[in-house]
Structure formats: C-alpha cells, structure tokens
file model-v5.tsv (TSV, C-alpha atoms (C1' of nucleotides))
chain	number	residue	atom	x	y	z
A	1	MET	CA	-6.10	-115.81	-20.15
A	2	ASN	CA	-2.41	-116.41	-19.91
A	3	LYS	CA	-0.15	-113.49	-19.59
A	4	ALA	CA	3.56	-113.81	-19.90
A	5	PRO	CA	4.85	-113.59	-16.37
A	6	ASP	CA	8.54	-113.46	-16.27
A	7	SER	CA	11.54	-115.31	-15.08
A	8	ALA	CA	11.63	-115.97	-11.40
A	9	ALA	CA	7.99	-116.43	-10.58
A	10	GLY	CA	6.78	-119.77	-11.89
A	11	PRO	CA	7.43	-121.17	-15.33
A	12	ARG	CA	7.02	-118.90	-18.28
A	13	TRP	CA	3.92	-120.27	-19.98
A	14	LEU	CA	3.08	-119.71	-23.57
A	15	THR	CA	0.99	-116.67	-24.31
A	16	ASP	CA	-2.31	-117.26	-26.00
A	17	GLU	CA	-0.84	-116.33	-29.34
A	18	GLU	CA	2.11	-118.60	-28.87
A	19	GLN	CA	-0.10	-121.42	-27.84
A	20	HIS	CA	-2.18	-120.87	-30.89
A	21	VAL	CA	0.85	-121.00	-33.14
A	22	TRP	CA	2.17	-124.06	-31.39
A	23	ARG	CA	-1.04	-125.97	-31.76
A	24	ALA	CA	-1.31	-125.02	-35.39
A	25	TYR	CA	2.22	-126.25	-35.85
A	26	LEU	CA	1.55	-129.59	-34.22
A	27	HIS	CA	-1.69	-130.01	-36.04
A	28	ALA	CA	-0.29	-129.21	-39.47
A	29	THR	CA	2.91	-131.19	-39.15
A	30	THR	CA	1.18	-134.35	-37.96
A	31	LEU	CA	-1.38	-134.06	-40.68
A	32	LEU	CA	1.20	-133.50	-43.38
A	33	ASP	CA	3.40	-136.26	-42.11
A	34	ASP	CA	0.54	-138.73	-42.02
A	35	HIS	CA	-0.60	-137.63	-45.41
A	36	LEU	CA	2.74	-138.19	-47.07
A	37	ASP	CA	3.35	-141.41	-45.23
A	38	ARG	CA	0.11	-142.71	-46.50
A	39	GLN	CA	0.66	-141.46	-50.00
A	40	LEU	CA	4.02	-143.19	-50.19
A	41	GLN	CA	2.82	-146.34	-48.53
A	42	ARG	CA	0.10	-146.57	-51.11
A	43	ASP	CA	2.08	-145.61	-54.20
A	44	ALA	CA	5.56	-146.81	-53.40
A	45	GLY	CA	4.98	-149.47	-50.78
A	46	MET	CA	7.15	-147.86	-48.14
A	47	PRO	CA	6.96	-145.22	-45.45
A	48	HIS	CA	8.36	-141.76	-45.84
A	49	VAL	CA	11.58	-142.47	-43.97
A	50	TYR	CA	12.43	-145.39	-46.23
A	51	TYR	CA	11.72	-143.31	-49.28
A	52	GLY	CA	14.10	-140.73	-47.88
A	53	LEU	CA	16.79	-143.36	-47.67
A	54	LEU	CA	16.43	-144.20	-51.35
A	55	VAL	CA	16.56	-140.54	-52.25
A	56	GLY	CA	19.68	-140.11	-50.18
A	57	LEU	CA	21.35	-142.95	-51.99
A	58	ALA	CA	20.21	-141.78	-55.40
A	59	GLU	CA	21.91	-138.46	-54.86
A	60	ALA	CA	25.14	-139.87	-53.54
A	61	PRO	CA	28.16	-140.47	-55.76
A	62	ARG	CA	27.92	-143.93	-57.28
A	63	ARG	CA	24.56	-144.25	-55.55
A	64	ARG	CA	26.10	-145.56	-52.39
A	65	LEU	CA	26.73	-144.41	-48.85
A	66	ARG	CA	28.28	-145.84	-45.76
A	67	MET	CA	25.68	-146.95	-43.26
A	68	THR	CA	26.58	-144.28	-40.74
A	69	GLU	CA	26.50	-141.52	-43.33
A	70	LEU	CA	23.12	-142.63	-44.49
A	71	ALA	CA	21.84	-142.74	-40.95
A	72	MET	CA	23.08	-139.22	-40.34
A	73	GLN	CA	21.54	-138.01	-43.51
A	74	ALA	CA	18.18	-139.43	-42.63
A	75	LYS	CA	18.57	-138.52	-38.97
A	76	ILE	CA	17.84	-141.98	-37.70
A	77	THR	CA	19.77	-144.35	-35.48
A	78	ARG	CA	22.20	-146.81	-36.96
A	79	SER	CA	20.16	-149.57	-35.41
A	80	ARG	CA	17.03	-148.46	-37.17
A	81	LEU	CA	18.94	-148.15	-40.39
A	82	SER	CA	20.19	-151.71	-40.13
A	83	HIS	CA	16.64	-152.95	-39.99
A	84	ALA	CA	15.45	-150.60	-42.70
A	85	VAL	CA	18.18	-151.59	-45.10
A	86	ALA	CA	17.45	-155.22	-44.41
A	87	ARG	CA	13.90	-154.63	-45.50
A	88	LEU	CA	14.85	-152.60	-48.55
A	89	GLU	CA	17.31	-155.31	-49.44
A	90	LYS	CA	14.56	-157.87	-49.31
A	91	ASN	CA	12.60	-155.71	-51.73
A	92	GLY	CA	15.59	-155.65	-54.02
A	93	TRP	CA	15.91	-151.88	-53.88
A	94	VAL	CA	19.15	-151.72	-51.98
A	95	ARG	CA	22.16	-153.96	-51.82
A	96	ARG	CA	24.98	-154.08	-49.28
A	97	GLU	CA	28.59	-153.99	-50.25
A	98	ASP	CA	31.68	-154.35	-48.16
A	99	CYS	CA	33.88	-151.34	-47.79
A	100	PRO	CA	37.35	-152.21	-49.02
A	101	ALA	CA	39.03	-149.49	-47.02
A	102	ASP	CA	37.48	-150.35	-43.68
A	103	LYS	CA	36.49	-153.91	-43.16
A	104	ARG	CA	33.95	-152.99	-40.52
A	105	GLY	CA	32.19	-150.77	-42.99
A	106	GLN	CA	29.28	-151.46	-45.27
A	107	PHE	CA	27.98	-149.51	-48.18
A	108	ALA	CA	24.30	-149.37	-48.87
A	109	VAL	CA	23.94	-149.26	-52.63
A	110	LEU	CA	20.83	-148.32	-54.55
A	111	THR	CA	20.04	-151.01	-57.09
A	112	ASP	CA	18.70	-150.31	-60.55
A	113	GLU	CA	15.41	-151.64	-59.38
A	114	GLY	CA	15.47	-149.22	-56.48
A	115	PHE	CA	16.27	-146.38	-58.80
A	116	GLU	CA	13.42	-147.41	-60.99
A	117	VAL	CA	10.98	-147.32	-58.07
A	118	LEU	CA	12.12	-143.82	-57.37
A	119	ARG	CA	11.77	-142.75	-60.97
A	120	ARG	CA	8.28	-144.11	-61.04
A	121	THR	CA	7.04	-142.75	-57.74
A	122	ALA	CA	8.83	-139.44	-57.37
A	123	PRO	CA	6.42	-137.47	-59.54
A	124	GLY	CA	3.46	-138.52	-57.45
A	125	HIS	CA	5.27	-137.67	-54.28
A	126	VAL	CA	6.34	-134.28	-55.52
A	127	ALA	CA	2.79	-133.63	-56.59
A	128	ALA	CA	1.57	-134.48	-53.11
A	129	VAL	CA	4.04	-132.13	-51.49
A	130	ARG	CA	3.19	-129.41	-53.91
A	131	GLN	CA	-0.49	-129.80	-53.46
A	132	ALA	CA	-0.31	-129.92	-49.69
A	133	LEU	CA	2.22	-127.17	-49.23
A	134	PHE	CA	3.54	-125.02	-52.02
A	135	ASP	CA	0.37	-124.55	-53.95
A	136	ARG	CA	-1.23	-123.06	-50.90
A	137	LEU	CA	1.44	-120.60	-49.88
A	138	SER	CA	2.34	-117.24	-51.33
A	139	PRO	CA	5.94	-116.74	-52.42
A	140	GLU	CA	6.50	-114.62	-49.31
A	141	GLN	CA	5.16	-117.34	-47.11
A	142	GLN	CA	7.36	-119.92	-48.77
A	143	LYS	CA	10.35	-117.74	-48.17
A	144	ALA	CA	9.38	-117.13	-44.57
A	145	LEU	CA	8.83	-120.82	-44.00
A	146	GLY	CA	12.26	-121.62	-45.32
A	147	GLU	CA	13.90	-119.07	-43.08
A	148	ILE	CA	12.00	-120.16	-40.02
A	149	MET	CA	12.78	-123.79	-40.53
A	150	GLU	CA	16.42	-123.05	-41.03
A	151	ILE	CA	16.58	-121.16	-37.79
A	152	VAL	CA	14.86	-123.94	-35.91
A	153	ALA	CA	17.06	-126.61	-37.41
A	154	GLU	CA	20.15	-124.62	-36.68
A	155	GLY	CA	19.17	-124.25	-33.06
A	156	LEU	CA	18.63	-127.96	-32.66
A	157	GLN	CA	21.22	-129.51	-34.87
A	158	PRO	CA	24.71	-128.37	-34.60
A	159	THR	CA	26.94	-130.40	-32.33
A	160	GLU	CA	24.69	-129.65	-29.34
A	161	ALA	CA	27.32	-131.37	-27.24
A	162	GLY	CA	26.67	-134.52	-29.19
A	163	ALA	CA	23.66	-135.35	-27.09
A	164	ASP	CA	20.27	-135.57	-28.62
A	165	LEU	CA	21.39	-136.59	-32.04
A	166	PRO	CA	19.67	-139.84	-32.87
A	167	TRP	CA	22.36	-141.40	-35.00
A	168	ARG	CA	24.86	-141.06	-32.21
A	169	ARG	CA	22.89	-142.95	-29.65
B	1	MET	CA	19.40	-126.57	-62.26
B	2	ASN	CA	15.72	-127.29	-62.12
B	3	LYS	CA	13.44	-124.91	-63.86
B	4	ALA	CA	9.74	-125.11	-63.39
B	5	PRO	CA	8.49	-126.71	-66.58
B	6	ASP	CA	4.78	-126.68	-66.70
B	7	SER	CA	1.83	-128.93	-66.84
B	8	ALA	CA	1.74	-131.29	-69.73
B	9	ALA	CA	5.39	-132.06	-70.20
B	10	GLY	CA	6.59	-134.34	-67.45
B	11	PRO	CA	5.94	-133.89	-63.76
B	12	ARG	CA	6.31	-130.46	-62.27
B	13	TRP	CA	9.42	-130.78	-60.14
B	14	LEU	CA	10.23	-128.53	-57.27
B	15	THR	CA	12.28	-125.49	-58.12
B	16	ASP	CA	15.58	-125.12	-56.37
B	17	GLU	CA	14.09	-122.69	-53.89
B	18	GLU	CA	11.17	-124.94	-53.21
B	19	GLN	CA	13.42	-127.87	-52.73
B	20	HIS	CA	15.48	-125.86	-50.35
B	21	VAL	CA	12.44	-124.90	-48.31
B	22	TRP	CA	11.16	-128.45	-48.33
B	23	ARG	CA	14.40	-129.90	-47.07
B	24	ALA	CA	14.64	-127.27	-44.38
B	25	TYR	CA	11.12	-128.17	-43.37
B	26	LEU	CA	11.83	-131.87	-43.16
B	27	HIS	CA	15.06	-131.30	-41.38
B	28	ALA	CA	13.65	-128.93	-38.78
B	29	THR	CA	10.48	-130.85	-38.07
B	30	THR	CA	12.28	-134.16	-37.57
B	31	LEU	CA	14.81	-132.53	-35.32
B	32	LEU	CA	12.20	-130.76	-33.26
B	33	ASP	CA	10.05	-133.82	-33.00
B	34	ASP	CA	12.94	-135.97	-31.88
B	35	HIS	CA	14.07	-133.33	-29.47
B	36	LEU	CA	10.72	-133.04	-27.74
B	37	ASP	CA	10.14	-136.76	-27.75
B	38	ARG	CA	13.40	-137.24	-26.01
B	39	GLN	CA	12.84	-134.43	-23.59
B	40	LEU	CA	9.51	-135.90	-22.56
B	41	GLN	CA	10.76	-139.42	-22.45
B	42	ARG	CA	13.47	-138.32	-20.13
B	43	ASP	CA	11.46	-136.00	-17.89
B	44	ALA	CA	8.01	-137.51	-17.99
B	45	GLY	CA	8.61	-141.09	-18.98
B	46	MET	CA	6.44	-141.01	-22.05
B	47	PRO	CA	6.60	-140.02	-25.70
B	48	HIS	CA	5.13	-136.84	-27.06
B	49	VAL	CA	1.93	-138.44	-28.31
B	50	TYR	CA	1.12	-139.85	-24.90
B	51	TYR	CA	1.80	-136.54	-23.28
B	52	GLY	CA	-0.62	-135.02	-25.75
B	53	LEU	CA	-3.25	-137.46	-24.65
B	54	LEU	CA	-2.89	-136.41	-21.04
B	55	VAL	CA	-3.03	-132.76	-22.01
B	56	GLY	CA	-6.17	-133.43	-24.00
B	57	LEU	CA	-7.80	-135.05	-21.03
B	58	ALA	CA	-6.66	-132.38	-18.62
B	59	GLU	CA	-8.38	-129.73	-20.68
B	60	ALA	CA	-11.60	-131.61	-21.11
B	61	PRO	CA	-14.59	-131.07	-18.84
B	62	ARG	CA	-14.32	-133.37	-15.84
B	63	ARG	CA	-10.96	-134.49	-17.21
B	64	ARG	CA	-12.51	-137.15	-19.34
B	65	LEU	CA	-13.16	-137.84	-23.00
B	66	ARG	CA	-14.72	-140.58	-25.00
B	67	MET	CA	-12.13	-142.75	-26.68
B	68	THR	CA	-13.10	-141.64	-30.14
B	69	GLU	CA	-13.00	-137.97	-29.23
B	70	LEU	CA	-9.59	-138.36	-27.71
B	71	ALA	CA	-8.36	-140.20	-30.77
B	72	MET	CA	-9.62	-137.41	-33.03
B	73	GLN	CA	-8.06	-134.81	-30.85
B	74	ALA	CA	-4.70	-136.50	-30.97
B	75	LYS	CA	-5.11	-137.45	-34.60
B	76	ILE	CA	-4.41	-141.12	-34.04
B	77	THR	CA	-6.41	-144.23	-34.78
B	78	ARG	CA	-8.79	-145.63	-32.23
B	79	SER	CA	-6.80	-148.79	-32.30
B	80	ARG	CA	-3.63	-147.03	-31.39
B	81	LEU	CA	-5.43	-145.19	-28.67
B	82	SER	CA	-6.64	-148.43	-27.17
B	83	HIS	CA	-3.11	-149.66	-26.80
B	84	ALA	CA	-1.89	-146.30	-25.58
B	85	VAL	CA	-4.54	-145.96	-22.93
B	86	ALA	CA	-3.76	-149.48	-21.81
B	87	ARG	CA	-0.24	-148.37	-21.16
B	88	LEU	CA	-1.21	-145.13	-19.47
B	89	GLU	CA	-3.62	-147.10	-17.35
B	90	LYS	CA	-0.86	-149.37	-16.24
B	91	ASN	CA	1.09	-146.30	-15.18
B	92	GLY	CA	-1.89	-145.14	-13.18
B	93	TRP	CA	-2.25	-141.91	-15.12
B	94	VAL	CA	-5.49	-142.73	-16.82
B	95	ARG	CA	-8.47	-144.78	-15.83
B	96	ARG	CA	-11.30	-146.13	-17.96
B	97	GLU	CA	-14.91	-145.60	-17.11
B	98	ASP	CA	-18.02	-146.89	-18.75
B	99	CYS	CA	-20.23	-144.40	-20.46
B	100	PRO	CA	-23.66	-144.54	-18.88
B	101	ALA	CA	-25.38	-143.05	-21.90
B	102	ASP	CA	-23.91	-145.37	-24.51
B	103	LYS	CA	-22.97	-148.77	-23.27
B	104	ARG	CA	-20.50	-149.30	-26.08
B	105	GLY	CA	-18.62	-146.23	-25.01
B	106	GLN	CA	-15.69	-145.76	-22.70
B	107	PHE	CA	-14.37	-142.65	-21.09
B	108	ALA	CA	-10.68	-142.18	-20.63
B	109	VAL	CA	-10.31	-140.28	-17.38
B	110	LEU	CA	-7.19	-138.52	-16.19
B	111	THR	CA	-6.35	-139.66	-12.68
B	112	ASP	CA	-5.01	-137.35	-10.01
B	113	GLU	CA	-1.72	-139.04	-10.42
B	114	GLY	CA	-1.84	-138.31	-14.13
B	115	PHE	CA	-2.67	-134.71	-13.46
B	116	GLU	CA	0.20	-134.52	-11.07
B	117	VAL	CA	2.62	-135.80	-13.67
B	118	LEU	CA	1.42	-133.09	-15.99
B	119	ARG	CA	1.73	-130.41	-13.35
B	120	ARG	CA	5.26	-131.50	-12.65
B	121	THR	CA	6.49	-131.86	-16.19
B	122	ALA	CA	4.63	-129.20	-18.12
B	123	PRO	CA	7.00	-126.38	-17.21
B	124	GLY	CA	9.98	-128.26	-18.55
B	125	HIS	CA	8.17	-129.10	-21.70
B	126	VAL	CA	7.05	-125.55	-22.28
B	127	ALA	CA	10.59	-124.40	-21.67
B	128	ALA	CA	11.84	-126.84	-24.28
B	129	VAL	CA	9.32	-125.63	-26.86
B	130	ARG	CA	10.14	-122.05	-26.08
B	131	GLN	CA	13.83	-122.59	-26.29
B	132	ALA	CA	13.66	-124.53	-29.53
B	133	LEU	CA	11.09	-122.39	-31.27
B	134	PHE	CA	9.73	-119.16	-29.89
B	135	ASP	CA	12.91	-117.78	-28.43
B	136	ARG	CA	14.49	-117.95	-31.85
B	137	LEU	CA	11.79	-116.34	-33.92
B	138	SER	CA	10.85	-112.72	-34.30
B	139	PRO	CA	7.23	-111.79	-33.60
B	140	GLU	CA	6.67	-111.46	-37.34
B	141	GLN	CA	8.04	-114.91	-37.92
B	142	GLN	CA	5.86	-116.36	-35.21
B	143	LYS	CA	2.86	-114.78	-36.79
B	144	ALA	CA	3.82	-116.02	-40.23
B	145	LEU	CA	4.42	-119.51	-38.91
B	146	GLY	CA	1.00	-119.59	-37.35
B	147	GLU	CA	-0.66	-118.49	-40.55
B	148	ILE	CA	1.26	-120.93	-42.69
B	149	MET	CA	0.51	-123.86	-40.46
B	150	GLU	CA	-3.13	-122.99	-40.37
B	151	ILE	CA	-3.29	-122.96	-44.12
B	152	VAL	CA	-1.54	-126.28	-44.40
B	153	ALA	CA	-3.72	-127.88	-41.78
B	154	GLU	CA	-6.82	-126.56	-43.38
B	155	GLY	CA	-5.83	-128.01	-46.71
B	156	LEU	CA	-5.25	-131.43	-45.24
B	157	GLN	CA	-7.81	-131.71	-42.56
B	158	PRO	CA	-11.32	-130.86	-43.37
B	159	THR	CA	-13.55	-133.72	-44.40
B	160	GLU	CA	-11.28	-134.58	-47.33
B	161	ALA	CA	-13.90	-137.15	-48.31
B	162	GLY	CA	-13.22	-138.88	-45.02
B	163	ALA	CA	-10.24	-140.66	-46.44
B	164	ASP	CA	-6.85	-140.08	-45.03
B	165	LEU	CA	-7.99	-139.28	-41.55
B	166	PRO	CA	-6.20	-141.63	-39.24
B	167	TRP	CA	-8.81	-141.94	-36.56
B	168	ARG	CA	-11.37	-143.08	-39.08
B	169	ARG	CA	-9.46	-146.04	-40.38
C	1	DC	C1'	54.31	-155.67	-31.58
C	2	DG	C1'	50.65	-155.27	-27.88
C	3	DT	C1'	47.03	-153.23	-25.96
C	4	DC	C1'	43.62	-149.91	-24.98
C	5	DA	C1'	40.18	-146.63	-26.53
C	6	DC	C1'	37.19	-145.80	-30.05
C	7	DT	C1'	34.29	-146.65	-34.27
C	8	DT	C1'	31.25	-149.44	-37.28
C	9	DA	C1'	27.60	-152.20	-37.82
C	10	DT	C1'	24.46	-155.76	-36.25
C	11	DT	C1'	21.60	-158.27	-32.96
C	12	DC	C1'	18.53	-158.96	-29.17
C	13	DA	C1'	14.66	-157.99	-26.24
C	14	DA	C1'	11.22	-154.92	-25.08
C	15	DG	C1'	8.00	-151.70	-26.47
C	16	DT	C1'	5.08	-149.36	-29.91
C	17	DT	C1'	2.26	-148.91	-34.03
C	18	DT	C1'	-0.39	-150.74	-37.70
C	19	DC	C1'	-3.65	-153.55	-39.96
C	20	DA	C1'	-7.40	-156.67	-40.28
C	21	DA	C1'	-10.86	-158.87	-37.65
C	22	DG	C1'	-14.19	-159.20	-34.40
C	23	DA	C1'	-17.43	-158.62	-30.29
C	24	DA	C1'	-20.91	-155.76	-28.68
C	25	DG	C1'	-24.36	-152.11	-28.49
C	26	DG	C1'	-27.31	-149.04	-30.74
C	27	DC	C1'	-30.35	-147.29	-34.68
C	28	DC	C1'	-33.98	-147.69	-38.03
C	29	DG	C1'	-37.26	-149.38	-41.10
C	30	DC	C1'	-40.67	-152.40	-41.70
D	1	DG	C1'	-39.55	-156.95	-32.33
D	2	DC	C1'	-36.34	-158.37	-35.61
D	3	DG	C1'	-32.98	-158.08	-39.32
D	4	DG	C1'	-29.54	-155.51	-41.33
D	5	DC	C1'	-26.31	-151.92	-40.83
D	6	DC	C1'	-23.88	-148.61	-38.40
D	7	DT	C1'	-20.56	-147.11	-34.64
D	8	DT	C1'	-17.53	-148.02	-30.56
D	9	DC	C1'	-13.87	-150.19	-28.83
D	10	DT	C1'	-10.66	-154.18	-28.30
D	11	DT	C1'	-7.68	-157.81	-29.83
D	12	DG	C1'	-3.70	-160.28	-31.82
D	13	DA	C1'	-0.23	-160.79	-35.21
D	14	DA	C1'	3.08	-158.55	-37.97
D	15	DA	C1'	5.98	-154.65	-38.83
D	16	DC	C1'	8.73	-151.22	-36.99
D	17	DT	C1'	11.63	-148.68	-33.52
D	18	DT	C1'	14.55	-148.34	-29.63
D	19	DG	C1'	18.52	-148.83	-26.43
D	20	DA	C1'	21.73	-151.89	-24.64
D	21	DA	C1'	24.87	-155.41	-25.62
D	22	DT	C1'	27.98	-157.56	-28.81
D	23	DA	C1'	31.33	-158.59	-32.49
D	24	DA	C1'	34.69	-157.00	-35.38
D	25	DG	C1'	38.12	-153.60	-36.92
D	26	DT	C1'	40.92	-149.45	-36.64
D	27	DG	C1'	44.49	-146.69	-34.88
D	28	DA	C1'	47.46	-144.41	-31.68
D	29	DC	C1'	50.83	-144.80	-28.37
D	30	DG	C1'	54.34	-146.77	-25.73

call {"tool": "encode", "arguments": {"input": "model-v5.tsv", "output": "structure tokens"}}
result
Amino acid sequence: MNKAPDSAAGPRWLTDEEQHVWRAYLHATTLLDDHLDRQLQRDAGMPHVYYGLLVGLAEAPRRRLRMTELAMQAKITRSRLSHAVARLEKNGWVRREDCPADKRGQFAVLTDEGFEVLRRTAPGHVAAVRQALFDRLSPEQQKALGEIMEIVAEGLQPTEAGADLPWRR
Amino acid sequence: MNKAPDSAAGPRWLTDEEQHVWRAYLHATTLLDDHLDRQLQRDAGMPHVYYGLLVGLAEAPRRRLRMTELAMQAKITRSRLSHAVARLEKNGWVRREDCPADKRGQFAVLTDEGFEVLRRTAPGHVAAVRQALFDRLSPEQQKALGEIMEIVAEGLQPTEAGADLPWRR
DNA sequence: CGTCACTTATTCAAGTTTCAAGAAGGCCGC
DNA sequence: GCGGCCTTCTTGAAACTTGAATAAGTGACG
C-alpha cells in the first residue's frame, strides 16, 4: 500500500515493512514494560524506575550517589528523583546525607534495609527478564538486539545539544 | 565476572553479555520513548499514548471504536482510557457517542478536528521515528528487530491466563 | 571582597495514572 | 419475569510525574 516516495514530494512515510517493525516494537516494549512493572510492584512493592534507583545505588562506591548523578543514571528529572527518594526514604530503603564538599549537595545512600530488599527481590526480577526475553531469543538474536539498541541509544543520547535530556530540564 | 551457574544452586543471574544487552535495551527504549513523547508533546500537544489513541481511531471503520476495543488496542486500562478520552474530548479531538446496539457501550469517535491534528502532525512524528530508528539500522537489523519484537510480544501477550493484561484489570 | 552567572536540590501547582468502588445494562437459567 | 452474575464504563482519591519557580551555594572575575 505505501511505497517509499522520496524527499521533496510529501513526507516520507514508513513502508509496510517498516510499519510492521515499528508496531511490533511498540507492542513488545509496552508489554514488557508493563509486565516488569507489575512484577516488581507485586514482589518488591515499587515500580521499575524505583527499583532501578536502588540498583544504581547498590553498584555505586559506598552505595551512595549525588542526586544529580542518580537522576542521570536513571534518566529521570531531578524533580522526579526528589519525590522518588522521598518515598524510598519513607520506606527506609534510602537515606539522605549531606555532601561535605558542596553544601548544596545531597547524597542518596542505600540503607542496609534497602540492600536487603534488593537481595531478596533481584532473583525474581532476573527470572522475569530471562523468561520474557533471553529464554526466547537465539544467541544471534541476543547479539543483534544488543547492537541495535546500542545504535539507537547512541543516536539519541550523546550531548544532542543538551536538549531532550530529561535530567537537564 | 558472572558465570552462568545453573538451576538448583542460587538464582540464574544474567551473564555479562546478557546484562550488557539488557542495559542497552533499557537505555535505548527509555531514551526513545522520552524522545517521542517530547516530540509529540511539543508538536501535537499530547503524549505518545494519546497520539496512539487518535491513530487507532483514525484507522478504524467510521473512525470510531468502542471504549474497550480502543483500550485493548492501546494496551491501557479502561479506566485510564476514560480519563484520557475525557481530556481528548475537551480538546475537541474526540467525541463520545452512545452505542445503539448495547446501551452500556460508548463509541469514541475521532472528530474532524482530531483528524486534522493527525494529518498535520503525523509527518513530523514519522520523521522522528525514522531519524531515531530506521535511518540508523541496516535492512538486516530492521528485519531482526521486527522478528525479535514479535517473539517477545508473543511471549507476553497471548491469553497468559488473562492476568497481567492491563485493559482487563 | 562583591557580584553575577551558574549549579544543586526542593517545592508548588497542574496534570496524569492507578486502584478500588460503583452505577447501569445485558445475559441466562429457572 | 426475576435473581444472580457478567460486562461496560465512569468516578474519586491517592500516588506519581512534570515544568516552572525558588532557595541556597559555588566560583570566577574584576
């Protein structure tokens, strides 16, 4: 139905194959996202993004990161992070600490309790990812997926004139 | 660092390669999602999900769908759709109509104004998708991506005992 | 020093999404 | 034809996200 007319004349629509790929992409990513969100909400009592924050902290030296660093890492706005950390703090999974070097700064620190939550829930989460993704793909497909996603990320991420990066808003 | 220990002993962690792929996936999908959301917010005054609703309606016979069908299509809950349509209605892009055949039912109908918004903004959106995704991938990669996403979707979607499907909650 | 530009983090208000209920219509067996 | 049970859709409160505005601190430069 759609051909790929070029440049000057009208917008360049997606070909049928492209459209097919695009819809599959949207379909799969929403489904997977919802699936994991739900899995984590059920088993860990938090959404995927919040879980990602804990993971980020767990991997950081001394289990702590400056707010802005953490926001960058998780690709969310600082504002959103403020709220999220407030909630995680209420759960006792994260604690704030002043930064001695820069009095404006705050560290978000993973508490032992937070670490424990991670220890307890990570296996289930990994299993979910595995079952939804890796167990279904051939090694070649896994490799291809990695390459594709890297290309896409690279095209969107780097500096991009500073615009369009959530944590800078 | 991580090997792939098997079954019985402890959870089966992701190998380093898997972890790498997974992070690339998360990274790229968040970035792309944010990017398109922002693009649409800027150019069409609505988030990606809402845009998807309009597209769904535009493609339906007589530009109308029952609420539940539309929710399924967009993979959101009926509740969320209610709120969303309320907003789109306020913008004049969608109108509700009673279903003559089933008095409980409602059609969401795309207005001319709504169609016009789509006509005006679709080219920009397609361009954004193309620029972020298709222009960067080889034909083989596009094909692979399509296949992979289909597999993933298939694993998550179908019936799955009815649980886990947002629009059924 | 003083001050001006920038960064860090939080807060507010507005909007969105979720979750749990609930109103309302239809379906089906007796 | 009526009682229970399903589906369709809406509602309202609570949780979450966003973008703009604000407070506080840094740092460079004259």

call {"tool": "closest_atom_pairs", "arguments": {"input": "model-v5.tsv", "of": "chain D", "to": "chain B", "cutoff": "8 Å", "atoms": "only C-alpha atoms (C1' of nucleotides)", "output": "CSV"}}
result
residue,atom,partner,partner_atom,distance
D:DT8,C1',B:Arg104,CA,5.5
D:DC9,C1',B:Arg104,CA,7.2
D:DT10,C1',B:Ser82,CA,7.1

call {"tool": "residues_around", "arguments": {"input": "model-v5.tsv", "residues": "DG30 in chain D", "least_positions_apart": "4", "cutoff": "12 Å", "atoms": "only C-alpha atoms (C1' of nucleotides)", "output": "number ranges by chain"}}
result
C: 1-4

call {"tool": "residues_around", "arguments": {"input": "model-v5.tsv", "residues": "DC27 in chain C", "least_positions_apart": "2", "cutoff": "12 Å", "atoms": "all atoms listed in the file", "output": "ChimeraX atom specification"}}
result
/C:25,29 /D:4-7

call {"tool": "residues_near_point", "arguments": {"input": "model-v5.tsv", "point": "(15.5, -147.6, -27.4)", "cutoff": "10 Å", "atoms": "only C-alpha atoms (C1' of nucleotides)", "output": "list in words"}}
result
Thr77, Ser79, Arg80 and Arg169 of chain A; DA14 and DG15 of chain C; DT17, DT18, DG19 and DA20 of chain D

call {"tool": "closest_residue", "arguments": {"input": "model-v5.tsv", "among": "A:Leu32, A:Arg168, A:Asp112, A:Glu59", "to": "chain C", "atoms": "only C-alpha atoms (C1' of nucleotides)"}}
result
A:Arg168

call {"tool": "closest_residue", "arguments": {"input": "model-v5.tsv", "among": "B:Ala84, B:Met46, B:Asp37, B:Ala58", "to": "DT17 in chain C", "atoms": "all atoms listed in the file"}}
result
B:Ala84

call {"tool": "closest_atom_pairs", "arguments": {"input": "model-v5.tsv", "of": "chain C", "to": "chain A", "cutoff": "12 Å", "atoms": "only C-alpha atoms (C1' of nucleotides)", "output": "Markdown table"}}
result
| residue | atom | partner | partner_atom | distance |
| --- | --- | --- | --- | --- |
| C:DT7 | C1' | A:Arg104 | CA | 8.9 |
| C:DT8 | C1' | A:Arg104 | CA | 5.5 |
| C:DA9 | C1' | A:Arg104 | CA | 6.9 |
| C:DT10 | C1' | A:Ser82 | CA | 7.0 |
| C:DT11 | C1' | A:Ser79 | CA | 9.2 |
| C:DC12 | C1' | A:Ser79 | CA | 11.4 |
| C:DT18 | C1' | A:Arg38 | CA | 11.9 |

call {"tool": "interface_residues", "arguments": {"input": "model-v5.tsv", "of": "chain A", "to": "chain B", "cutoff": "8 Å", "atoms": "only C-alpha atoms", "output": "VMD selection string"}}
result
chain A and resid 11 to 14 18 20 to 22 24 to 25 27 to 32 34 to 35 38 75 123 126 to 127 130 132 to 134 136 to 137 141 to 153 155 to 157 164 166

call {"tool": "atom_distance", "arguments": {"input": "model-v5.tsv", "atom1": "CA of Leu65 in chain B", "atom2": "C1' of DT11 in chain D"}}
result
21.8 Å

call {"tool": "atom_distance", "arguments": {"input": "model-v5.tsv", "atom1": "CA of Arg119 in chain A", "atom2": "CA of Leu70 in chain A"}}
result
20.0 Å

call {"tool": "closest_residue", "arguments": {"input": "model-v5.tsv", "among": "B:Asp43, B:Arg62, B:Thr15, B:Val55", "to": "Phe115 in chain B", "atoms": "only C-alpha atoms"}}
result
B:Val55

call {"tool": "closest_residue", "arguments": {"input": "model-v5.tsv", "among": "B:Pro61, B:Ala101, B:Glu69, B:Leu54", "to": "Glu116 in chain B", "atoms": "only C-alpha atoms"}}
result
B:Leu54

call {"tool": "axis_aligned_box", "arguments": {"input": "model-v5.tsv", "around": "range 21-27 of chain C", "padding_each_side": "4 Å", "output": "JSON"}}
result
{"center_x": -20.6, "center_y": -153.2, "center_z": -33.1, "size_x": 27.5, "size_y": 19.9, "size_z": 17.2}
